[in-house]
Structures are given as C-alpha cells and as structure tokens.
Amino acid sequence: MDFLFFAFLWYIGLSLIPAFIAFNKGRNFFLWFVYGFCLFIIAFIHSLFLKKTVETIEEEQLHAGGKRCPYCAEVIKKEAVVCKHCGKGWPFSQTSASDIVQSKIRADRSAEAKTIAAEAERFLQGRR
Ligand SMILES: [Zn+2]
C-alpha cells in the first residue's frame, strides 16, 4: 500500500513537468496537468514542441523594456521612434523625433554644401 501511494505521488510530480513547460509557454496549467496525468509521455513530448503563444511572446518583450504601439498595438522596442509594423511615428517621443528631423536637415545641408563645393571646384578647374 505504501509503495502504491508513493508511486502515485511520484506520478503526480511527473505530471507537473509538462504542465510547467506548457504554462511557461502561455497554456492553462491545470488542463496540462490533467493531460500529463492521463497521457504523460505524449503530453511531455507535446509540451516540448509547443510554441509560445503570441501573448506570452509580447509579454516577454514588454518585460524586456518594449512598448506597445498605440496605433496597431504591436510591441516595439523602447528606443523606436517609428513603429516597424504600421510605420507610424511614436507620439510620445516628439523630442527624439524632432532630433531626427534636425539631423536629417543637417545632413541635407552638408550634402548640399558638398555639391556646391564640388561644382565650384569643377568651375575653377575649367577656368584654369
Ligand atoms: Zn504600429
């Protein structure tokens, strides 16, 4: 009787393994515990091949410092100024957005200056 009791306890402990694996991938712990209890080997292998749910992946990204786009609700990087999913600009980081515009203007001006300098040089060489 003692042996059966401990074997039963051991089997319950074993059934918790696929339940924990599936739970970490966003599945219902109790259902996976029952599944593991009824069909341990199948549930265990199944749990190893499970893919994480979209919610779990997004939660991990948010936990790692990501933010949710207010337009398309996809999770994007904390430093992102433009959403990579919908392409819209991030409304709460206007300072960094204006920084980008300023640096773009600066780059355009220096490109323009280089073009003018090259034209001037060509002009001067032509006169020599
Ligand atoms: Zn978006």
# chains A, B, ... in the order shown; residues from 1 in each chain; ligands from 1
>>> closest_atom_pairs(of="region 39-114 of chain A", to="region 13-31 of chain A", cutoff="7 Å", atoms="only C-alpha atoms", output="JSON lines")
{"residue": "A:Phe40", "atom": "CA", "partner": "A:Ser15", "partner_atom": "CA", "distance": 6.2}
{"residue": "A:Ala43", "atom": "CA", "partner": "A:Pro18", "partner_atom": "CA", "distance": 6.2}
{"residue": "A:Phe44", "atom": "CA", "partner": "A:Pro18", "partner_atom": "CA", "distance": 4.8}
{"residue": "A:Ser47", "atom": "CA", "partner": "A:Ala22", "partner_atom": "CA", "distance": 5.4}
{"residue": "A:Lys51", "atom": "CA", "partner": "A:Lys25", "partner_atom": "CA", "distance": 6.8}
{"residue": "A:Lys52", "atom": "CA", "partner": "A:Lys25", "partner_atom": "CA", "distance": 4.4}
{"residue": "A:Thr53", "atom": "CA", "partner": "A:Gly26", "partner_atom": "CA", "distance": 5.7}
{"residue": "A:Thr56", "atom": "CA", "partner": "A:Gly26", "partner_atom": "CA", "distance": 5.5}
>>> closest_atom_pairs(of="chain A", to="ligand 1", cutoff="7 Å", atoms="only C-alpha atoms and all ligand atoms", output="tab-separated table")
residue	atom	partner	partner_atom_place_in_ligand_line	distance
A:Cys69	CA	ligand 1	1 (Zn)	4.6
A:Pro70	CA	ligand 1	1 (Zn)	6.6
A:Tyr71	CA	ligand 1	1 (Zn)	5.0
A:Cys72	CA	ligand 1	1 (Zn)	4.1
A:Ala73	CA	ligand 1	1 (Zn)	6.1
A:Glu74	CA	ligand 1	1 (Zn)	5.8
A:Cys83	CA	ligand 1	1 (Zn)	4.6
A:Lys84	CA	ligand 1	1 (Zn)	6.6
A:His85	CA	ligand 1	1 (Zn)	5.0
A:Cys86	CA	ligand 1	1 (Zn)	4.1
A:Gly87	CA	ligand 1	1 (Zn)	6.1
A:Lys88	CA	ligand 1	1 (Zn)	5.9
>>> select_by_dssp(residues="region 19-111 of chain A", states="strand (DSSP E)", output="list in words")
Lys67, Arg68, Val75 and Ile76 of chain A
>>> atom_distance(atom1="CA of Leu48 (chain A)", atom2="CA of Ile12 (chain A)")
18.5 Å
>>> atom_distance(atom1="CA of Ile76 (chain A)", atom2="CA of Gln61 (chain A)")
8.1 Å
>>> decode(residues="region 103-127 of chain A", atoms="N, CA and C atoms", output="short mmCIF file (atom, residue, chain, number, x, y, z; two decimals), in the first residue's frame")
data_model
loop_
_atom_site.label_atom_id
_atom_site.label_comp_id
_atom_site.auth_asym_id
_atom_site.auth_seq_id
_atom_site.Cartn_x
_atom_site.Cartn_y
_atom_site.Cartn_z
N SER A 103 18.67 66.31 -37.50
CA SER A 103 19.88 65.69 -38.04
C SER A 103 19.72 65.45 -39.54
N LYS A 104 18.48 65.16 -39.98
CA LYS A 104 18.23 64.98 -41.42
C LYS A 104 18.48 66.30 -42.15
N ILE A 105 17.98 67.41 -41.57
CA ILE A 105 18.19 68.73 -42.18
C ILE A 105 19.69 69.03 -42.26
N ARG A 106 20.40 68.73 -41.16
CA ARG A 106 21.84 68.97 -41.12
C ARG A 106 22.54 68.15 -42.21
N ALA A 107 22.16 66.88 -42.34
CA ALA A 107 22.77 66.01 -43.35
C ALA A 107 22.49 66.54 -44.75
N ASP A 108 21.24 66.99 -44.98
CA ASP A 108 20.87 67.53 -46.28
C ASP A 108 21.70 68.77 -46.60
N ARG A 109 21.85 69.63 -45.57
CA ARG A 109 22.61 70.87 -45.78
C ARG A 109 24.06 70.57 -46.11
N SER A 110 24.65 69.59 -45.37
CA SER A 110 26.06 69.30 -45.64
C SER A 110 26.21 68.64 -47.01
N ALA A 111 25.20 67.85 -47.42
CA ALA A 111 25.25 67.26 -48.75
C ALA A 111 25.17 68.35 -49.81
N GLU A 112 24.27 69.32 -49.54
CA GLU A 112 24.11 70.44 -50.47
C GLU A 112 25.42 71.25 -50.55
N ALA A 113 26.02 71.48 -49.39
CA ALA A 113 27.27 72.23 -49.34
C ALA A 113 28.36 71.51 -50.13
N LYS A 114 28.39 70.17 -49.98
CA LYS A 114 29.41 69.39 -50.70
C LYS A 114 29.19 69.50 -52.21
N THR A 115 27.91 69.46 -52.62
CA THR A 115 27.60 69.56 -54.04
C THR A 115 28.06 70.91 -54.59
N ILE A 116 27.76 71.96 -53.83
CA ILE A 116 28.16 73.32 -54.26
C ILE A 116 29.68 73.42 -54.34
N ALA A 117 30.36 72.85 -53.31
CA ALA A 117 31.82 72.91 -53.30
C ALA A 117 32.39 72.17 -54.50
N ALA A 118 31.82 71.01 -54.82
CA ALA A 118 32.31 70.22 -55.96
C ALA A 118 32.08 70.98 -57.26
N GLU A 119 30.90 71.63 -57.37
CA GLU A 119 30.61 72.42 -58.58
C GLU A 119 31.58 73.58 -58.71
N ALA A 120 31.84 74.23 -57.57
CA ALA A 120 32.77 75.35 -57.58
C ALA A 120 34.15 74.91 -58.01
N GLU A 121 34.57 73.77 -57.49
CA GLU A 121 35.90 73.26 -57.85
C GLU A 121 35.99 72.94 -59.33
N ARG A 122 34.92 72.29 -59.84
CA ARG A 122 34.89 71.96 -61.27
C ARG A 122 34.94 73.25 -62.11
N PHE A 123 34.20 74.26 -61.63
CA PHE A 123 34.17 75.55 -62.32
C PHE A 123 35.55 76.18 -62.36
N LEU A 124 36.22 76.13 -61.16
CA LEU A 124 37.55 76.74 -61.08
C LEU A 124 38.55 75.99 -61.93
N GLN A 125 38.43 74.65 -61.95
CA GLN A 125 39.35 73.85 -62.78
C GLN A 125 39.15 74.15 -64.25
N GLY A 126 37.90 74.38 -64.62
CA GLY A 126 37.59 74.68 -66.01
C GLY A 126 38.19 76.00 -66.43
N ARG A 127 38.30 76.93 -65.49
CA ARG A 127 38.83 78.25 -65.83
C ARG A 127 40.33 78.26 -65.94
#
